[in-house]
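Input: a single structure, listed below in structure tokens.
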Amino acid sequence: MDKPMLSIENLHSHYGLSHVIQGVSLDVGRGEILGVFGRNGVGKTTLLKNIAGWVKPSSGSIRMDGKQIGGDEPDAINRAGLAIVPEDRRIFPGLTVQENLELGLLGLKGPKPRSKLDPVLERFPRLAERAQQPATTLSGGEQQMLAMARIMVAEPRAVLIDEPSEGLAPMIVAEIFAILREMKDAGCAIVLVEQNIHEALSICDRFVLVERGAIVFEGNAGDKAAEEELLQRLSV
Ligand SMILES: Nc1ncnc2c1ncn2[C@@H]1O[C@H](COP(=O)(O)OP(=O)(O)OP(=O)(O)O)[C@@H](O)[C@H]1O
């Protein structure tokens with residue numbers, strides 16, 4: 001791998017006395033999708049929250065393109081080019097679809113021209129049609145699209161995405177994964193947390209398995225033996 005876009009070394013994080021992330025190290029390159037798998041409660045979401053600055057690491061380093069971002073404030077990390085699509089999608093119900101999209105402009109470093117919304121509205125015609133409607137009128141799948149479209153406004157170089165397929169119909173899941181593939185092709189480094197292992201393996205380049213806050217196994221997607229071991233360890 002060239003110099004990784006996102007590089008994490010020996011990350012530890014606590015909630016009070018609870019030691020949730022226990023020495024995680026990983027690299028994600030440009031145009032690469034890393035799958036992060038593991039049972040409920042092993043720390044996958046907490047790992048993403050540490051990278052995005054929502055939870056402060058206790059120790060270890062997080063670098064974006066070589067620059068230390070670990071422990072920085074979420075908005076600074078966002079402006080450094082790293083975006084997160086959290087599990088609950090964080091759609092603002094009191095705002096319209098367009099206003100929710102405009103929040104994506106906050107990820108831009110300098111000026112924040114509304115014209116940055118144009119390519120995204122073109123890519124998501126369903127959101128463009130509903131631009132002036134309250135975001136709450138969207139279906140679950142459309143809200144997930146909105147959450148992804150919103151981060152695309154600022155063209156992030158690294159993206160963290162937490163269980164994007166949860167609760168959605170297979171057709172929508174396929175659409176969401178197609179968008180992730182487009183981001184990958186545009187050179188984005190992507191960390192994907194997913195319970196839908198089989199589907200996720202079809203778009204990941206590499207994966208890690210997390211147990212009790214630590215990476216216990218890793219492999220390349222497409223390596224049948226490694227995939228088999230992953231599925232066996234997860235018993236799926
Ligand atoms: N805000 C918090 N305060 C205290 N403990 C927390 C908090 N958030 C999560 N935890 C605990 O930290 C551990 C890891 O949770 P986390 O949500 O990161 O796991 P996960 O692997 O993402 O699981 P899931 O798939 O269920 O989201 C769990 O034991 C959880 O109960």
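By convention here, the chains of the structure tokens are called A, B, ... in the order presented, each chain's residues are numbered starting at 1, and ligands are numbered starting at 1 in the order presented.
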
Taking only C-alpha atoms and all ligand atoms into account, which residues are within 6 Å of ligand 1, as number ranges by chain? A: 15, 20, 40-46

* **Neighbour list for segment 115-124 of chain A as an MDAnalysis selection string, cut-off 9 Å, only C-alpha atoms, skip fewer than 6 positions in-chain** => chainID A and resid 98 101:102 104:105 131 145:146 149:150 152:154

Open item on the list: Report as a list in words all protein, DNA and RNA residues lying within 9 Å of Asn50 of chain A, evaluated on only C-alpha atoms, omitting residues in the same chain fewer than 5 positions from it.
Closed with: Leu11, Ser13, Thr45, Val55, Lys56, Pro57, Ile62, Gly70 and Gly71 of chain A

Spatial neighbours of Leu209 of chain A, max dist 6 Å, only C-alpha atoms, sep filter under 3 positions, as a CSV table (one decimal) with N, CA and C atoms, in the first residue's frame:
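out.csv, written as the output of this step:
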chain,number,residue,atom,x,y,z
A,37,PHE,N,-15.8,-6.1,11.2
A,37,PHE,CA,-16.8,-7.0,11.6
A,37,PHE,C,-16.7,-7.4,13.0
A,38,GLY,N,-17.8,-7.9,13.6
A,38,GLY,CA,-17.7,-8.4,15.0
A,38,GLY,C,-19.1,-8.4,15.5
A,215,ILE,N,-8.5,-6.3,17.5
A,215,ILE,CA,-8.5,-7.0,16.2
A,215,ILE,C,-7.9,-8.4,16.4
A,216,VAL,N,-8.7,-9.4,16.2
A,216,VAL,CA,-8.3,-10.8,16.5
A,216,VAL,C,-8.0,-11.6,15.2
A,217,PHE,N,-8.5,-11.1,14.0
A,217,PHE,CA,-8.2,-11.8,12.8
A,217,PHE,C,-8.4,-10.8,11.6

| said: For the structure I just gave you, how does DSSP split segment 93-189 of chain A - specifically, which residues are strand (DSSP E or B)? Reply as a list in words. | reply: Thr96, Pro134, Ala158, Val159, Leu160, Ile161, Asp162 and Ala189 of chain A

Tell me, in Å to one decimal, how far atom CA of Ile197 of chain A is from atom CA of Glu32 of chain A.
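Distance between the two atoms: 17.1 Å.
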
Open item on the list: Just want the 7 Å neighbourhood of Val85 of chain A, counted on only C-alpha atoms, with same-chain residues fewer than 6 positions away dropped. Output as a PyMOL selection string.
Closed with: chain A and resi 147-148+160-162

So that I have them on file, write out the residues from the current selection with N, CA and C atoms, as a JSON list (two decimals), in the first residue's frame.
[["chain", "number", "residue", "atom", "x", "y", "z"],
["A", 147, "ALA", "N", -28.23, 10.72, 4.20],
["A", 147, "ALA", "CA", -27.06, 10.77, 5.09],
["A", 147, "ALA", "C", -25.77, 10.60, 4.29],
["A", 148, "MET", "N", -25.81, 9.75, 3.28],
["A", 148, "MET", "CA", -24.61, 9.53, 2.46],
["A", 148, "MET", "C", -24.39, 10.71, 1.51],
["A", 160, "LEU", "N", -16.30, 6.98, 7.20],
["A", 160, "LEU", "CA", -16.63, 5.92, 8.15],
["A", 160, "LEU", "C", -18.13, 5.71, 8.04],
["A", 161, "ILE", "N", -18.56, 4.46, 7.90],
["A", 161, "ILE", "CA", -19.99, 4.25, 7.75],
["A", 161, "ILE", "C", -20.43, 3.06, 8.61],
["A", 162, "ASP", "N", -21.43, 3.32, 9.45],
["A", 162, "ASP", "CA", -21.82, 2.36, 10.48],
["A", 162, "ASP", "C", -23.14, 1.68, 10.12]]

Residues near Glu199 of chain A, cut-off 10 Å, only C-alpha atoms, skip fewer than 3 positions along chain, as JSON, numbers by chain: {"A": [165, 170, 173, 174, 177, 194, 195, 196, 202, 203, 204]}

* Asked: With only C-alpha atoms as the basis for distance, which of A:Asp223, A:Glu175, A:Leu34, A:Asn100 is at the shortest distance from Asp205 of chain A?
  ->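 Selected residue with least distance to Asp205 of chain A: A:Leu34.
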
Pairwise distance, atom CA of Gln133 of chain A with atom CA of Val97 of chain A, equals 6.1 Å

(Q) For the helix (DSSP H, G or I) assignment from backbone DSSP, which residues of segment 22-193 of chain A qualify? Please present them as a ChimeraX atom specification. (A) /A:44-52,74-79,97-107,114-123,125-129,135-137,140-152,170-185

Shell of 12 Å around Lys3 of chain A, only C-alpha atoms, local chain residues under 2 positions omitted, as number ranges by chain:
A: 1, 5-7, 27-30, 63-67, 189

Could those residues be written to a file, using C-alpha atoms, as a CSV table (one decimal), in the first residue's frame?
chain,number,residue,atom,x,y,z
A,1,MET,CA,0.0,0.0,0.0
A,5,MET,CA,-5.0,7.7,3.9
A,6,LEU,CA,-6.1,6.7,7.4
A,7,SER,CA,-3.7,5.2,9.8
A,27,ASP,CA,-4.5,1.3,7.8
A,28,VAL,CA,-6.8,2.1,5.0
A,29,GLY,CA,-5.5,3.3,1.7
A,30,ARG,CA,-6.9,5.5,-1.0
A,63,ARG,CA,-3.5,10.0,11.3
A,64,MET,CA,-5.2,11.3,8.1
A,65,ASP,CA,-2.7,11.5,5.2
A,66,GLY,CA,0.1,11.6,7.8
A,67,LYS,CA,-1.4,14.4,9.9
A,189,ALA,CA,-10.7,5.5,1.9

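When only C-alpha atoms are used to measure the gap to Glu142 of chain A, the shortest distance among A:Arg212, A:Lys109, A:Arg79, A:Arg126 belongs to A:Arg126.
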
Using only C-alpha atoms, the shortest atom-to-atom distance to Pro134 of chain A among A:Ala186, A:Leu95, A:Ile172, A:Ala225 belongs to A:Leu95
